[in-house]
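Shown next: input15.txt, containing compact mmCIF, C-alpha atoms.
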```
# COMPACT_ATOMS: atom_id res chain seq x y z
CA MET A 1 86.01 102.10 135.10
CA ALA A 2 82.55 101.23 133.77
CA LEU A 3 82.01 102.30 130.18
CA ARG A 4 78.82 103.63 128.67
CA PRO A 5 77.03 101.11 126.43
CA CYS A 6 78.17 101.09 122.81
CA LYS A 7 78.01 98.58 119.97
CA VAL A 8 80.45 99.08 117.10
CA ILE A 9 79.91 97.44 113.70
CA VAL A 10 83.24 97.08 111.87
CA VAL A 11 82.95 96.47 108.11
CA GLY A 12 85.98 94.75 106.53
CA SER A 13 88.66 92.38 107.84
CA GLY A 14 91.76 93.86 106.28
CA VAL A 15 94.60 95.37 108.29
CA ALA A 16 92.46 98.31 109.44
CA GLY A 17 89.45 96.20 110.36
CA LEU A 18 91.23 93.42 112.26
CA THR A 19 93.47 95.91 114.08
CA LEU A 20 90.41 97.89 115.13
CA ALA A 21 88.62 94.72 116.25
CA LEU A 22 91.57 93.74 118.46
CA MET A 23 91.75 97.27 119.88
CA LEU A 24 88.05 97.25 120.75
CA GLU A 25 88.38 93.85 122.45
CA LYS A 26 91.40 95.03 124.45
CA HIS A 27 89.40 98.08 125.61
CA GLY A 28 86.26 96.12 126.51
CA VAL A 29 84.05 97.69 123.81
CA ASP A 30 81.31 95.52 122.29
CA TYR A 31 81.58 95.04 118.52
CA LEU A 32 80.88 92.82 115.52
CA LEU A 33 83.08 92.59 112.45
CA LEU A 34 81.38 91.89 109.11
CA GLU A 35 83.51 90.50 106.27
CA ALA A 36 82.09 90.19 102.75
CA TYR A 37 84.14 87.14 101.78
CA SER A 38 84.33 83.61 103.19
CA ASP A 39 87.72 83.99 104.92
CA ILE A 40 88.74 86.43 107.62
CA VAL A 41 92.42 85.86 106.84
CA ALA A 42 92.34 86.40 103.09
CA THR A 43 95.00 85.03 100.76
CA VAL A 44 94.92 88.10 98.50
CA GLY A 45 97.74 90.62 98.52
CA ALA A 46 101.50 90.35 98.49
CA GLY A 47 103.93 91.74 101.04
CA ILE A 48 103.63 94.53 103.56
CA ALA A 49 106.33 96.52 105.31
CA LEU A 50 105.71 97.61 108.88
CA ALA A 51 107.56 100.61 110.26
CA PRO A 52 108.27 101.67 113.85
CA ASN A 53 105.10 103.80 114.01
CA GLY A 54 102.85 100.83 113.21
CA LEU A 55 104.87 98.30 115.21
CA ARG A 56 104.64 100.44 118.34
CA VAL A 57 100.84 100.16 118.33
CA LEU A 58 101.00 96.43 117.62
CA ASP A 59 103.39 96.17 120.58
CA GLN A 60 100.76 97.83 122.78
CA LEU A 61 98.30 95.17 121.58
CA GLY A 62 100.67 92.34 122.46
CA CYS A 63 101.35 91.42 118.82
CA PHE A 64 104.91 92.61 118.28
CA GLU A 65 106.71 89.37 119.08
CA ASP A 66 104.22 87.41 116.94
CA VAL A 67 104.82 89.78 114.04
CA LEU A 68 108.59 89.43 114.43
CA SER A 69 108.31 85.64 114.37
CA ARG A 70 106.66 85.79 110.94
CA SER A 71 108.79 88.61 109.51
CA ALA A 72 112.23 89.45 108.24
CA THR A 73 113.78 92.52 109.78
CA ILE A 74 115.40 94.92 107.34
CA ASP A 75 119.17 95.20 107.83
CA GLN A 76 120.28 96.78 104.56
CA ILE A 77 119.02 99.42 102.17
CA HIS A 78 120.01 100.31 98.61
CA PHE A 79 119.10 103.12 96.24
CA ARG A 80 119.88 101.82 92.77
CA LYS A 81 120.37 103.34 89.33
CA PRO A 82 118.47 102.09 86.24
CA ASP A 83 121.24 99.57 85.54
CA GLY A 84 120.85 98.11 89.04
CA THR A 85 124.14 99.40 90.40
CA VAL A 86 124.06 100.95 93.87
CA ASN A 87 123.81 104.73 93.95
CA TRP A 88 123.97 104.75 97.74
CA GLY A 89 123.45 101.94 100.22
CA MET A 90 124.01 100.48 103.64
CA ASP A 91 124.93 96.78 103.46
CA VAL A 92 124.66 96.03 107.16
CA GLY A 93 123.56 97.70 110.39
CA LEU A 94 120.24 99.23 109.33
CA GLU A 95 118.26 97.10 111.80
CA LYS A 96 120.42 98.03 114.79
CA GLU A 97 120.46 101.73 113.90
CA THR A 98 116.70 101.88 113.33
CA ILE A 99 116.03 100.22 116.69
CA THR A 100 118.51 102.56 118.39
CA ARG A 101 116.77 105.58 116.92
CA HIS A 102 113.11 104.54 116.99
CA GLY A 103 112.83 101.54 119.30
CA TYR A 104 111.65 99.20 116.53
CA PRO A 105 113.00 97.91 113.21
CA TRP A 106 111.42 97.87 109.77
CA VAL A 107 110.04 94.43 108.88
CA TRP A 108 108.74 92.70 105.75
CA LEU A 109 106.11 89.95 105.89
CA ASP A 110 103.28 88.48 103.86
CA ARG A 111 100.08 90.47 104.23
CA LYS A 112 98.32 87.20 105.05
CA SER A 113 100.79 86.60 107.89
CA LEU A 114 99.98 89.98 109.43
CA LEU A 115 96.24 89.28 109.19
CA GLY A 116 96.91 85.90 110.78
CA VAL A 117 98.69 87.50 113.74
CA LEU A 118 95.82 89.93 114.32
CA TYR A 119 93.24 87.15 114.00
CA ASP A 120 95.13 84.84 116.37
CA ASN A 121 95.30 87.56 119.02
CA ILE A 122 91.54 88.19 119.02
CA ALA A 123 90.18 86.04 121.86
CA ASP A 124 86.48 85.94 120.92
CA LYS A 125 86.32 84.76 117.31
CA SER A 126 82.50 84.71 117.45
CA LYS A 127 82.61 88.48 116.90
CA LEU A 128 84.09 87.92 113.41
CA LEU A 129 81.41 87.10 110.84
CA THR A 130 82.12 86.03 107.24
CA GLU A 131 80.01 86.21 104.06
CA LYS A 132 78.34 89.36 105.37
CA ARG A 133 78.53 91.79 102.46
CA LEU A 134 77.05 95.17 103.38
CA VAL A 135 74.24 96.31 101.09
CA SER A 136 72.66 99.18 103.06
CA VAL A 137 72.74 101.21 106.25
CA THR A 138 69.50 102.68 107.62
CA HIS A 139 69.51 105.46 110.17
CA THR A 140 67.22 105.25 113.20
CA GLU A 141 66.90 107.26 116.40
CA THR A 142 68.57 104.55 118.47
CA GLY A 143 71.26 103.35 116.05
CA ASP A 144 72.10 102.48 112.47
CA VAL A 145 70.84 99.21 111.01
CA VAL A 146 73.23 97.37 108.68
CA VAL A 147 71.72 94.98 106.15
CA THR A 148 73.93 92.36 104.52
CA ALA A 149 73.49 90.48 101.25
CA ASP A 150 72.20 87.35 102.99
CA GLY A 151 69.35 89.35 104.56
CA SER A 152 70.87 89.60 108.04
CA THR A 153 70.50 92.83 110.01
CA TYR A 154 72.78 94.25 112.69
CA THR A 155 72.26 97.40 114.76
CA GLY A 156 75.16 99.50 115.99
CA ASP A 157 75.74 102.79 117.73
CA ILE A 158 78.71 103.33 115.40
CA ILE A 159 79.44 101.87 111.96
CA VAL A 160 83.12 101.84 110.92
CA GLY A 161 84.06 101.38 107.27
CA ALA A 162 87.41 99.59 107.22
CA ASP A 163 86.53 98.17 103.82
CA GLY A 164 89.14 99.61 101.51
CA THR A 165 89.36 101.95 98.55
CA HIS A 166 85.93 101.04 97.16
CA SER A 167 84.29 101.24 100.58
CA ALA A 168 80.62 100.27 100.81
CA VAL A 169 80.35 102.33 104.00
CA ARG A 170 81.73 105.35 102.16
CA LYS A 171 78.98 104.89 99.54
CA GLU A 172 76.37 104.77 102.31
CA ILE A 173 77.80 107.98 103.78
CA ALA A 174 77.50 109.67 100.37
CA LYS A 175 73.92 108.41 100.01
CA ARG A 176 73.00 109.69 103.46
CA ALA A 177 74.60 113.04 102.62
CA GLU A 178 72.35 113.36 99.58
CA GLU A 179 69.30 112.70 101.74
CA LEU A 180 70.39 115.49 104.09
CA ASN A 181 71.16 117.90 101.20
CA LEU A 182 74.86 117.68 102.04
CA GLY A 183 75.80 115.96 98.81
CA GLU A 184 78.27 118.60 97.64
CA ASP A 185 80.25 118.37 100.89
CA TYR A 186 80.71 114.63 100.37
CA ALA A 187 81.09 114.53 96.58
CA GLU A 188 84.83 113.91 96.79
CA GLU A 189 85.14 110.72 94.72
CA ASN A 190 85.43 112.56 91.42
CA LYS A 191 88.35 114.57 92.81
CA VAL A 192 90.34 111.44 93.65
CA ALA A 193 93.35 111.25 91.33
CA ALA A 194 95.50 108.37 90.11
CA THR A 195 98.81 109.16 88.41
CA TYR A 196 100.59 105.82 88.82
CA SER A 197 99.80 102.18 88.30
CA CYS A 198 101.40 99.48 90.41
CA LEU A 199 102.29 95.90 89.58
CA PHE A 200 102.54 94.03 92.89
CA GLY A 201 104.53 90.82 92.78
CA MET A 202 105.56 88.13 95.24
CA SER A 203 108.24 85.58 94.35
CA ASP A 204 110.08 82.75 96.03
CA ALA A 205 113.74 83.44 96.86
CA VAL A 206 115.63 84.74 93.82
CA PRO A 207 119.43 84.22 93.68
CA GLY A 208 121.20 87.57 93.69
CA VAL A 209 118.49 89.53 95.55
CA PRO A 210 119.91 90.67 98.91
CA SER A 211 118.34 89.18 102.03
CA ARG A 212 116.67 91.35 104.71
CA SER A 213 116.82 94.27 102.33
CA LEU A 214 114.85 97.31 101.21
CA ASP A 215 115.78 98.35 97.67
CA PHE A 216 114.63 101.26 95.50
CA ILE A 217 115.44 101.14 91.78
CA ALA A 218 115.06 104.43 89.92
CA ASN A 219 114.22 104.77 86.25
CA GLU A 220 112.68 107.30 83.88
CA GLY A 221 108.90 107.24 84.19
CA PHE A 222 108.82 104.28 86.56
CA SER A 223 110.59 102.80 89.57
CA TYR A 224 110.72 99.70 91.76
CA VAL A 225 110.49 98.96 95.46
CA LEU A 226 111.87 95.58 96.52
CA GLY A 227 111.86 93.86 99.87
CA THR A 228 112.92 90.43 101.09
CA GLY A 229 110.83 88.70 103.70
CA PRO A 230 111.04 85.37 105.54
CA LYS A 231 112.91 82.62 103.66
CA ASN A 232 114.11 85.38 101.30
CA ARG A 233 110.67 85.67 99.68
CA VAL A 234 110.78 88.73 97.43
CA PHE A 235 108.05 91.37 97.45
CA TRP A 236 108.33 93.71 94.46
CA PHE A 237 106.38 96.73 93.30
CA LEU A 238 106.65 98.32 89.86
CA LEU A 239 105.29 101.86 90.01
CA ASN A 240 104.64 103.20 86.53
CA LYS A 241 103.51 106.70 85.61
CA MET A 242 100.38 106.36 83.49
CA SER A 243 99.87 108.26 80.23
CA GLN A 244 97.64 110.77 82.02
CA LYS A 245 96.24 111.60 85.44
CA TYR A 246 92.82 110.01 85.91
CA TYR A 247 90.05 111.19 88.22
CA GLY A 248 87.19 109.43 89.95
CA ALA A 249 85.12 107.12 87.77
CA ASP A 250 87.61 107.53 84.91
CA ILE A 251 90.36 105.73 86.83
CA PRO A 252 90.83 102.54 84.79
CA ARG A 253 90.34 98.94 85.90
CA PHE A 254 93.07 96.76 84.45
CA THR A 255 92.56 93.35 82.86
CA GLU A 256 94.81 90.30 82.80
CA GLU A 257 95.84 91.39 79.31
CA ASP A 258 96.91 94.78 80.68
CA LYS A 259 98.98 93.04 83.34
CA GLU A 260 100.63 90.76 80.80
CA LYS A 261 101.44 93.74 78.57
CA ILE A 262 103.23 95.72 81.28
CA LEU A 263 105.07 92.62 82.43
CA GLN A 264 106.41 92.01 78.93
CA GLU A 265 107.42 95.66 78.58
CA HIS A 266 109.52 95.46 81.75
CA MET A 267 110.90 91.91 81.69
CA ASN A 268 114.42 93.12 80.91
CA ASP A 269 114.56 95.86 83.54
CA GLN A 270 117.55 95.53 85.83
CA ILE A 271 116.87 95.12 89.55
CA THR A 272 120.51 94.53 90.43
CA PRO A 273 123.34 94.22 87.91
CA ASP A 274 122.74 90.45 87.93
CA VAL A 275 118.95 90.24 88.42
CA ARG A 276 116.23 91.27 85.99
CA VAL A 277 112.45 91.35 86.32
CA ALA A 278 112.43 88.13 84.28
CA ASP A 279 114.29 86.47 87.14
CA LEU A 280 111.67 87.65 89.63
CA TYR A 281 108.92 86.43 87.35
CA SER A 282 110.51 83.01 86.87
CA ARG A 283 109.82 82.33 90.58
CA VAL A 284 106.62 84.34 90.90
CA LEU A 285 103.83 83.24 93.27
CA THR A 286 101.31 85.98 92.61
CA THR A 287 100.94 89.28 90.74
CA THR A 288 98.33 92.03 90.84
CA TYR A 289 98.09 95.09 88.63
CA ALA A 290 96.04 98.16 89.52
CA PRO A 291 96.04 101.96 89.39
CA ILE A 292 96.88 103.56 92.73
CA ALA A 293 94.61 106.40 93.71
CA GLU A 294 96.13 108.98 96.04
CA PHE A 295 93.74 110.81 98.31
CA VAL A 296 92.77 111.99 101.75
CA TYR A 297 89.07 112.71 102.03
CA LYS A 298 88.13 115.89 103.86
CA ASN A 299 85.00 114.32 105.31
CA TRP A 300 85.47 110.90 106.90
CA HIS A 301 82.15 110.59 108.68
CA LEU A 302 78.47 111.41 108.79
CA GLY A 303 75.96 110.61 111.50
CA ARG A 304 76.95 107.30 113.10
CA MET A 305 79.16 106.21 110.19
CA VAL A 306 82.92 106.76 109.89
CA THR A 307 85.74 105.44 107.69
CA ILE A 308 89.36 104.52 108.43
CA GLY A 309 92.31 103.17 106.44
CA ASP A 310 92.12 103.02 102.64
CA ALA A 311 88.44 103.97 102.84
CA CYS A 312 89.49 107.55 103.65
CA HIS A 313 93.22 107.85 102.94
CA LYS A 314 95.33 106.12 100.29
CA VAL A 315 99.06 106.51 99.72
CA LEU A 316 101.53 105.19 97.14
CA PRO A 317 103.53 102.17 98.39
CA ILE A 318 107.01 103.71 98.03
CA THR A 319 107.11 104.91 101.67
CA ALA A 320 105.33 101.81 103.03
CA GLN A 321 102.86 103.87 105.06
CA GLY A 322 99.53 102.49 103.84
CA GLY A 323 99.19 99.78 106.48
CA ASN A 324 100.96 101.81 109.15
CA GLN A 325 98.60 104.75 108.69
CA ALA A 326 95.60 102.42 108.82
CA ILE A 327 96.84 101.22 112.22
CA GLU A 328 97.27 104.81 113.40
CA SER A 329 93.76 105.80 112.27
CA ALA A 330 92.26 102.82 114.11
CA ALA A 331 94.14 103.89 117.23
CA ALA A 332 92.94 107.49 116.92
CA LEU A 333 89.33 106.32 116.60
CA VAL A 334 89.60 104.08 119.66
CA ASN A 335 91.22 106.89 121.66
CA GLY A 336 88.34 109.21 120.83
CA LEU A 337 85.73 106.55 121.51
CA MET A 338 87.20 105.63 124.89
CA THR A 339 87.26 109.27 125.97
CA VAL A 340 83.56 109.74 125.28
CA LEU A 341 82.55 106.33 126.67
CA SER A 342 84.27 106.99 129.98
CA GLN A 343 82.70 110.37 130.70
CA GLY A 344 79.35 112.16 130.63
CA PRO A 345 75.96 110.56 131.33
CA SER A 346 75.55 106.82 131.77
CA GLY A 347 73.30 106.19 128.76
CA PRO A 348 74.09 105.52 125.10
CA LEU A 349 76.05 108.04 123.05
CA SER A 350 74.04 110.83 121.49
CA GLU A 351 74.53 111.69 117.82
CA LEU A 352 75.98 115.03 118.91
CA GLU A 353 78.60 113.28 121.05
CA ILE A 354 79.42 110.92 118.20
CA LYS A 355 79.81 113.80 115.74
CA SER A 356 82.07 115.71 118.12
CA MET A 357 84.24 112.63 118.66
CA PHE A 358 84.44 111.86 114.93
CA ASP A 359 85.34 115.51 114.23
CA GLN A 360 88.26 115.29 116.65
CA VAL A 361 89.54 112.10 115.04
CA GLN A 362 89.24 113.58 111.56
CA ASN A 363 90.87 116.88 112.57
CA LEU A 364 93.80 114.99 114.08
CA ARG A 365 94.32 112.56 111.22
CA VAL A 366 93.65 114.58 108.05
CA PRO A 367 96.72 116.86 108.33
CA ARG A 368 99.07 113.96 109.12
CA THR A 369 97.82 111.64 106.39
CA ALA A 370 97.69 114.49 103.85
CA LYS A 371 101.32 115.36 104.61
CA ILE A 372 102.37 111.73 104.15
CA VAL A 373 100.42 111.36 100.88
CA GLU A 374 101.98 114.56 99.52
CA GLY A 375 105.50 113.67 100.63
CA THR A 376 105.18 110.17 99.21
CA HIS A 377 104.07 111.56 95.84
CA LEU A 378 107.12 113.84 95.72
CA ARG A 379 109.36 110.90 96.60
CA GLN A 380 107.81 108.85 93.78
CA GLN A 381 108.39 111.69 91.32
CA MET A 382 112.06 111.68 92.29
CA ASP A 383 112.50 107.92 91.93
CA ALA A 384 110.75 108.06 88.54
CA MET A 385 113.13 110.90 87.58
CA GLU A 386 110.24 112.82 86.06
CA THR A 387 112.25 115.93 85.18
CA PRO A 388 115.87 116.48 84.18
CA GLU A 389 116.37 118.33 87.46
CA LEU A 390 115.04 115.42 89.53
CA LYS A 391 117.15 112.96 87.56
CA ALA A 392 120.31 114.99 88.14
CA PHE A 393 119.50 115.41 91.82
CA LEU A 394 118.75 111.72 92.40
CA LEU A 395 121.82 110.42 90.57
CA ASN A 396 124.35 113.03 91.68
CA GLU A 397 123.28 114.91 94.81
CA TYR A 398 121.05 112.54 96.76
CA PRO A 399 123.82 110.00 97.50
CA LYS A 400 125.88 112.76 99.11
CA LEU A 401 123.04 113.58 101.50
CA ASN A 402 122.70 110.04 102.81
CA PRO A 403 122.38 108.45 105.28
CA GLY A 404 121.34 111.73 106.91
CA ALA A 405 118.50 112.39 104.47
CA THR A 406 116.98 108.96 105.04
CA TRP A 407 117.17 109.18 108.83
CA SER A 408 115.73 112.70 108.76
CA ARG A 409 112.83 111.65 106.51
CA TRP A 410 111.98 108.67 108.71
CA GLU A 411 112.20 110.70 111.91
CA GLY A 412 109.82 113.28 110.45
CA MET A 413 107.41 110.55 109.38
CA PHE A 414 107.39 108.68 112.70
CA ALA A 415 107.52 111.47 115.30
CA ALA A 416 103.84 112.49 115.25
CA ALA A 417 102.52 108.92 115.18
CA VAL A 418 99.40 107.99 117.14
CA SER A 419 99.45 105.41 119.93
CA LEU A 420 96.71 103.99 122.15
CA LYS A 421 96.31 106.33 125.11
CA ARG A 422 94.77 103.78 127.48
CA LEU A 423 97.28 100.99 126.91
CA ALA A 424 100.84 101.17 128.23
CA ILE A 425 103.58 101.94 125.74
CA PRO A 426 106.22 99.21 126.21
CA VAL A 427 109.55 100.62 127.34
CA ARG A 428 111.92 100.46 124.39
CA PRO A 429 114.85 102.89 124.59
CA LYS A 430 115.23 105.21 121.62
CA THR A 431 117.18 108.33 120.73
CA SER A 432 114.35 109.81 118.61
CA PRO A 433 111.25 109.49 120.80
CA PHE A 434 107.72 109.82 119.45
CA LEU A 435 106.15 113.15 120.34
CA ASP A 436 103.47 111.56 122.51
CA GLU A 437 106.23 110.05 124.63
CA ILE A 438 107.52 113.56 125.36
CA ILE A 439 104.26 115.53 125.60
CA PRO A 440 101.72 114.21 128.13
CA ARG A 441 99.45 111.83 126.26
CA GLU A 442 96.34 113.48 127.72
CA ALA A 443 97.21 116.59 125.68
CA SER A 444 96.30 114.84 122.43
CA LEU A 445 93.40 112.72 121.26
```
Please express the file's structure as structure tokens.
Amino acid sequence: MALRPCKVIVVGSGVAGLTLALMLEKHGVDYLLLEAYSDIVATVGAGIALAPNGLRVLDQLGCFEDVLSRSATIDQIHFRKPDGTVNWGMDVGLEKETITRHGYPWVWLDRKSLLGVLYDNIADKSKLLTEKRLVSVTHTETGDVVVTADGSTYTGDIIVGADGTHSAVRKEIAKRAEELNLGEDYAEENKVAATYSCLFGMSDAVPGVPSRSLDFIANEGFSYVLGTGPKNRVFWFLLNKMSQKYYGADIPRFTEEDKEKILQEHMNDQITPDVRVADLYSRVLTTTYAPIAEFVYKNWHLGRMVTIGDACHKVLPITAQGGNQAIESAAALVNGLMTVLSQGPSGPLSELEIKSMFDQVQNLRVPRTAKIVEGTHLRQQMDAMETPELKAFLLNEYPKLNPGATWSRWEGMFAAAVSLKRLAIPVRPKTSPFLDEIIPREASL
């Protein structure tokens, strides 16, 4: 089927941006990706966990086997007390049971490895441009003109901000809103809240840390998430409740001194009965320390500009849904775009058609991402044992509810996931199907 003409400018080559680029290529939609830095596959970041909802879309894109080859599947899970002893756990069989239920496992891998898989699967690398930092977007009757720091200009029918928490496209949307006297509708940045900081670490294999594992270590006021990837590389996240909740511009930026201070404060924390943070740090490869804002913007788009991924929704890492939700949002956008490009008149998209399509994507995605952000926050409060009631529940009642509680939570999180409507869903038997595998896919965006 011939598609209407459309040029998409994708800003940012993180998980959201490269996934979207591959989706557009697979669907035959013209695009350019603009990356501010010199490398498409950046070395920044630590580990990422991919869940069945994200892996299903990557399977549609032909990436699943490549991801598996660079990952470690998760076969055991432990919920640990502050002293590192197991409160409840499954020492074997998690991989098989997850695949039986959902068709796919959980996997851990380096973020760079995931970006590498996406990059390798994009056939036309000439569409990926580096050292193209966005400085402005100008609206015209026939498209939006993007200007980059080196003076280059690019015109697109649609501009997609896949450029992270401090999105330049989001700033251009806010600026455009001011020009249209819509500033109040888009003045959401100062409502963005950050309650927790996160120290992200990546270490070479540490003796005593279980292989192919997902571990949660509870404590009072803070908690850990631990995962082991290929060659038993350890990805670890210290989530710490800050002294107050910060909003907008008041959310702090941490220095190297801040990072060193929190490291020293937690060096003696137990991960397992035989492993402390000091052991992780003795084999550390990289660490990053930052506050984690939690938000879902109400308005993701304006005119020809739209945001996806961390540019419009940000979640704490404890449920490992940040990257997976970015993949889902990219899929929802492509589904909407393909619907409008394959119907109606033969000419370019009108701004009214673009707005209607963006509205549908936003209306589909906001409730789902908001529910995940809220549920993840509640889960973090429990692991940080923020009240006596939560502490008593976590240590005494929660183990009795498992494994049922874990399976139920995952099923609820995966069921409503988005897939690509115009690409076949590979046949992978499962006892807990995704909703769009039960309901005709044409019934949803």
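Remark: for Gly47 (chain A), the closest of the candidate residues A:Lys355, A:Lys421, A:Arg233, A:His27 is A:Arg233 (distances computed over only C-alpha atoms).
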field: Spatial neighbours of region 4-11 of chain A, max dist 6 Å, all atoms listed in the file, sep filter under 5 positions, as a ChimeraX atom specification
entry: /A:30-34,156-163,341,346,348
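Between Trp407 (chain A) and the candidates A:Arg56, A:Ala46, A:Ile77, A:Asp66, the tightest atom-to-atom separation, counting all atoms listed in the file, involves A:Ile77.
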task: Using all atoms listed in the file, determine which residues lie at most 9 Å from Lys112 (chain A), disregarding the query and same-chain residues fewer than 6 positions distant; provide the list as an MDAnalysis selection string.
output: chainID A and resid 41:47
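By all atoms listed in the file, and with residues fewer than 5 positions from region 366-382 of chain A along its chain excluded, the set lying at most 7 Å from it is Glu294, Val296, His313, Val315, Leu316, Ile318, Thr319, Leu390 and Leu394 of chain A.
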Same residues, C-alpha atoms, saved as a CSV table (one decimal), in the coordinates of the input:
```
chain,number,residue,atom,x,y,z
A,294,GLU,CA,96.1,109.0,96.0
A,296,VAL,CA,92.8,112.0,101.8
A,313,HIS,CA,93.2,107.8,102.9
A,315,VAL,CA,99.1,106.5,99.7
A,316,LEU,CA,101.5,105.2,97.1
A,318,ILE,CA,107.0,103.7,98.0
A,319,THR,CA,107.1,104.9,101.7
A,390,LEU,CA,115.0,115.4,89.5
A,394,LEU,CA,118.8,111.7,92.4
```
- prompt: Just how far from CA of Gly347 (chain A) is CA of Gly28 (chain A), in Å to one decimal?
  reply: 16.6 Å
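Going from CA of Met202 (chain A) over to CA of Leu226 (chain A), you cover 9.8 Å.
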Residues within 7 Å of (103.3, 91.1, 90.0), counting all atoms listed in the file, listed as a compact mmCIF listing (two decimals) with C-alpha atoms, in the coordinates of the input:
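Result written to out-v3.txt:
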```txt
# COMPACT_ATOMS: atom_id res chain seq x y z
CA LEU A 199 102.29 95.90 89.58
CA PHE A 200 102.54 94.03 92.89
CA GLY A 201 104.53 90.82 92.78
CA MET A 202 105.56 88.13 95.24
CA THR A 286 101.31 85.98 92.61
CA THR A 287 100.94 89.28 90.74
CA THR A 288 98.33 92.03 90.84
CA TYR A 289 98.09 95.09 88.63
```
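In terms of minimum interatomic distance to Val340 (chain A), A:Leu352 ranks closest within A:Ala16, A:Leu352, A:Glu260, A:Thr153, counting all atoms listed in the file.
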- request: Name the closest residue to Val147 (chain A) among the candidates A:Ala36, A:Ala51, A:Met338, A:Ala311; distances are taken between atoms, counting only C-alpha atoms.
  value: A:Ala36
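Using all atoms listed in the file for every distance, the candidate list A:Lys400, A:Arg365, A:Lys26, A:Arg80 yields A:Arg365 as the residue closest to Gly309 (chain A).
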